[in-house]
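Participant: Before we start, here is the structure in question, set down as structure tokens.
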Amino acid sequence: MKLKYILPVALFSGAFLFTSCLKDLEVDNSNPQELSDFNEDYVFNKIYGNLVLTGQTGPNGDSDLDDIDEGTSNMTRLIWYMNVLTTDEGHCWWNDPGVPELNRNSWTNSNVLTKALYYRLMFGVTLCNFYLDSATGDDAATKQKRAEARFMRAFHYFYLMDFYANPPFLTKLSSENAPQIQRADLFDFLESELKDIIGEGSGNEVLAEPRTTDYGRADKAAGYLLLARMYLNAEVYTGKARWADAKTYAEKAINTNYELCQTPKNGFSAYQLLFMGDNDENGAQNEIILPALHDGDKTQTWGGSLYMIASNMSSKMCDMDLYGVTDADGNPIKGYGTSEAWDRGVRARKQFSQVFFGATASNVIKGVPKDVVANVGDDRAIFYTNGQTLSIETESSTGNGLVYMKYNNLHADGTAGHDPGGRFVDTDYPMLRLAEAYLISAEADARMNGGNCTSAGVERIKALRKRANVKPGNKYDGLAADALTNVSLEDIFKEWSREFGYEGMRRMVLIRWNRFAGQSEYKWEWMGGTQAGTQFDKRFNIFPIPDSELNANPNIKPNYN
């Protein structure tokens, strides 16, 4: 049975095994101790389910975390908030608790969203530790699942390292207060742990070979790519650059049997297939290394991919021919696959739109995505621009800022979504996909060669632009993929935005380029709280450990003052 369809077993049957102390954001211990009988399958599935599911009865009603709207406590939604709303990509006009402070780079250690992500990640670590403490079988299947649990623990700790720098650290359940680990030491632990489970250590708990286990479960390619991402950002985390290692492990991922999704289907571009309701079977699954699994009937949540879709849409778009594709009878497929439309809560900031349209507003054609993609000359320019301005002059005006419609819940084969009510989505959210390895390899190559790619690095960028069907005369540089002969770091900076816009990675890129906090050379709309953009303090390169954690655990010191 596909993992996607057994996730609800954990939701309804297994997660009750944990105590409720993590259900309160004002927690006094993030490691539940009162455990009943261990059911290996339930807990194993709950580990993966933590990427999407938010509680026991989903989409709301018995949340893992209290003191926050349950849909907002979704892990992928929170990661997206921290990496998109704080950067040059997206702006949300809602006044939901915590959102305005992210938009304006002015959060504190009591911000409900930064706090919720901290506890969501710690909850994931706790699930993994519980499984590893309890699943002690020596058979091959258990060893592989233990390797996956170790990977997922590393994945959660990676985000804790990236967002919070010096989190509590435990690899077993304990009744003692967790000690605090320093960022560079956590990096060393994760490096060793990931190398061990991809088979480069002395242990016998090893991830499956790439694409030999169920879609949705971590395999060696996930380990390679997470290591490559860590090495690319190693100078931020440890003070020491690791460009060669980043390129090595990116190439390891590229040289597996994962491949870029390159074949259009039923009128949808190959790039669009990655973000659709059937991306587990339309060809995108060949590229997606680790998805956060969604099913509109069985894994319902107000976060995850539904948030990525509905927060960008308005009700009038439900009846529009947005993508220029038809069903089997030749009728236009209208809408975007869900009835949910949240009034264009999120719109693109000018600086993100300009990497597709160039510097001037006159380049922005008015239209729906099918028109804009054709005009820009890049399949990744999935914008809705009718009635929208390029710039966000007024935060609360839904007509300010272009609408980026990257995600939808349509099925390329024309079939309906799984939710009988037509609200919840099937679109798996790509947490790790192969294209990232291409960009990591190219960036590391350029950084090792004076700021310009060698021919090998140029080929990696060309592959992504070919897949995106980049045409000569496109709005931003006028070059078709095959015309590229030189790729600079500045080119790669923009290519990260085009390829991975709205995928929850931009903050990481800006920090690596020293274009986030503590600098004034690069600005974006509403940066630091002003429409033109204002410098904000370098301490905002990390998020604060919540005040509730500092009060509960005397071992944990503030990660900035």
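Labeling convention for the structure tokens: chains A, B, ... as they appear, residues from 1 per chain, ligands from 1 in order of appearance.
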Do you have, as a Markdown table, the list of residues of stretch 285-382 of chain A lying at most 8 Å from stretch 387-405 of chain A, each with its nearest atom pair and that distance in Å to one decimal, counting only C-alpha atoms and ordered by chain then number?
Facilitator:
| residue | atom | partner | partner_atom | distance |
| --- | --- | --- | --- | --- |
| A:Ile309 | CA | A:Met405 | CA | 7.2 |
| A:Asn312 | CA | A:Val403 | CA | 6.3 |
| A:Met313 | CA | A:Met405 | CA | 7.8 |
| A:Asp343 | CA | A:Thr398 | CA | 7.4 |
| A:Arg344 | CA | A:Thr398 | CA | 6.0 |
| A:Gly345 | CA | A:Thr398 | CA | 7.1 |
| A:Val346 | CA | A:Val403 | CA | 7.4 |
| A:Arg347 | CA | A:Val403 | CA | 5.0 |
| A:Ala348 | CA | A:Leu402 | CA | 5.3 |
| A:Arg349 | CA | A:Gly401 | CA | 6.0 |
| A:Lys350 | CA | A:Ser391 | CA | 5.1 |
| A:Ser353 | CA | A:Leu402 | CA | 7.3 |
| A:Ala361 | CA | A:Leu390 | CA | 6.2 |
| A:Val364 | CA | A:Leu390 | CA | 7.7 |
| A:Lys366 | CA | A:Gly387 | CA | 7.5 |
| A:Pro369 | CA | A:Met405 | CA | 7.4 |
| A:Ala381 | CA | A:Tyr404 | CA | 7.9 |
| A:Ile382 | CA | A:Met405 | CA | 5.5 |
Participant: Extract the full set of helix (DSSP H, G or I) residues from stretch 305-524 of chain A according to DSSP on the backbone, and format it as an MDAnalysis selection string.
Facilitator: chainID A and resid 305:310 315:319 350:357 361:363 369:376 434:447 455:467 481:483 489:500 506:512
Participant: If you count only C-alpha atoms, which residues fall within 9 Å of stretch 150-154 of chain A, apart from same-chain ones fewer than 4 positions away, as a PyMOL selection string?
Facilitator: chain A and resi 47-48+124-129+132+145-146+158-159+171+189-190+193-194+197+207+218-219+222-223
Participant: At most 8 Å is the cut-off: for each residue in stretch 470-534 of chain A with any atom that close to an atom of stretch 456-461 of chain A, write down the nearest atom pair and the distance in Å rounded to one decimal, counting only C-alpha atoms, chain first then increasing number, as a Markdown table.
Facilitator:
| residue | atom | partner | partner_atom | distance |
| --- | --- | --- | --- | --- |
| A:Leu484 | CA | A:Val458 | CA | 7.3 |
| A:Thr485 | CA | A:Val458 | CA | 7.0 |
| A:Asn486 | CA | A:Val458 | CA | 6.6 |
| A:Val487 | CA | A:Val458 | CA | 5.9 |
Participant: Just write the chosen residues, C-alpha atoms, as a PDB file, in the first residue's frame.
Facilitator:
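For reference, out-v3.pdb as written:
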ATOM      1  CA  LEU A 484      24.190  30.408 -22.678  1.00  0.00           C
ATOM      2  CA  THR A 485      27.972  30.450 -22.817  1.00  0.00           C
ATOM      3  CA  ASN A 486      28.728  32.114 -19.510  1.00  0.00           C
ATOM      4  CA  VAL A 487      26.900  31.906 -16.174  1.00  0.00           C
TER       5      VAL A 487
END
Participant: Would you kindly return, as a list in words, each protein, DNA or RNA residue with an atom no farther than 9 Å from any atom of A:Leu306, considering only C-alpha atoms and excluding same-chain residues fewer than 2 positions away?
Facilitator: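 The neighbour list is Thr301, Trp302, Gly303, Gly304, Met308, Ile309, Ala310, Ser311, Thr338, Glu340, Tyr407, Asn408, Asn409, Arg423, Phe424, Val425, Asp426 and Thr427 of chain A.
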Participant: Separation of atom CA of A:Ala359 and atom CA of A:Trp93, in Å?
Facilitator: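 Pair atom CA of A:Ala359 / atom CA of A:Trp93 returns 23.9 Å.
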Participant: Quick one: residues within 10 Å of A:Asn452, only C-alpha atoms counted, chain neighbours fewer than 4 positions away excluded, as an MDAnalysis selection string?
Facilitator: chainID A and resid 442:448 457:458 486:492
Participant: Using only C-alpha atoms, which protein or nucleic acid residues come within 9 Å of A:Asp327? Drop anything in the same chain fewer than 5 positions from it, and give the result as a PyMOL selection string.
Facilitator: chain A and resi 266+332-333+413-414
Participant: Need the shell around A:Leu293: protein/DNA/RNA residues with any atom at most 10 Å away, counting only C-alpha atoms. Skip same-chain ones fewer than 3 positions apart. Format as a VMD selection string?
Facilitator: chain A and resid 3 to 5 7 48 to 49 51 to 53 215 to 217 280 290 299 304 to 305 426 to 431
Participant: To one decimal place in Å, what is the distance between atom CA of A:Asn363 and atom CA of A:Gly335?
Facilitator: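 Going from atom CA of A:Asn363 over to atom CA of A:Gly335 covers 25.6 Å.
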Participant: May I ask which of the residues A:Glu89, A:Gly422, A:Pro472, A:Leu439 is the closest one to A:Gln300, counting only C-alpha atoms?
Facilitator: A:Gly422
Participant: Report as a ChimeraX atom specification: the residues of stretch 227-360 of chain A with a DSSP assignment of strand (DSSP E), based on the backbone of this structure.
Facilitator: /A:288-292,346-348
Participant: Those residues with N, CA and C atoms, as an mmCIF file, in the first residue's frame please?
Facilitator:
data_model
loop_
_atom_site.group_PDB
_atom_site.id
_atom_site.type_symbol
_atom_site.label_atom_id
_atom_site.label_comp_id
_atom_site.auth_asym_id
_atom_site.auth_seq_id
_atom_site.Cartn_x
_atom_site.Cartn_y
_atom_site.Cartn_z
ATOM 1 N N ILE A 288 10.825 14.489 -7.906
ATOM 2 C CA ILE A 288 10.577 14.818 -6.499
ATOM 3 C C ILE A 288 11.200 13.742 -5.618
ATOM 4 N N ILE A 289 12.227 14.111 -4.878
ATOM 5 C CA ILE A 289 12.975 13.158 -4.051
ATOM 6 C C ILE A 289 12.304 12.960 -2.701
ATOM 7 N N LEU A 290 11.791 14.026 -2.108
ATOM 8 C CA LEU A 290 11.058 13.909 -0.849
ATOM 9 C C LEU A 290 9.844 14.828 -0.902
ATOM 10 N N PRO A 291 8.648 14.278 -1.070
ATOM 11 C CA PRO A 291 7.444 15.098 -1.034
ATOM 12 C C PRO A 291 6.812 15.096 0.350
ATOM 13 N N ALA A 292 6.114 16.172 0.661
ATOM 14 C CA ALA A 292 5.164 16.151 1.767
ATOM 15 C C ALA A 292 3.840 15.708 1.154
ATOM 16 N N VAL A 346 -1.784 36.445 -0.579
ATOM 17 C CA VAL A 346 -0.353 36.547 -0.882
ATOM 18 C C VAL A 346 -0.184 37.083 -2.296
ATOM 19 N N ARG A 347 0.691 38.073 -2.433
ATOM 20 C CA ARG A 347 1.065 38.569 -3.750
ATOM 21 C C ARG A 347 2.572 38.708 -3.835
ATOM 22 N N ALA A 348 3.061 38.687 -5.066
ATOM 23 C CA ALA A 348 4.509 38.723 -5.283
ATOM 24 C C ALA A 348 5.050 40.132 -5.080
#
Participant: Between atom CA of A:Tyr118 and atom CA of A:Ile545, what distance in Å does the model show, to one decimal?
Facilitator: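 For atom CA of A:Tyr118 relative to atom CA of A:Ile545, the distance reads 7.4 Å.
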Participant: Rank A:Arg512, A:Gly58, A:Thr86, A:Glu70 by their smallest atom-to-atom distance to A:Lys298, using only C-alpha atoms, and report the top residue only.
Facilitator: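 Answer, going by the shortest atom-to-atom distance: A:Gly58.
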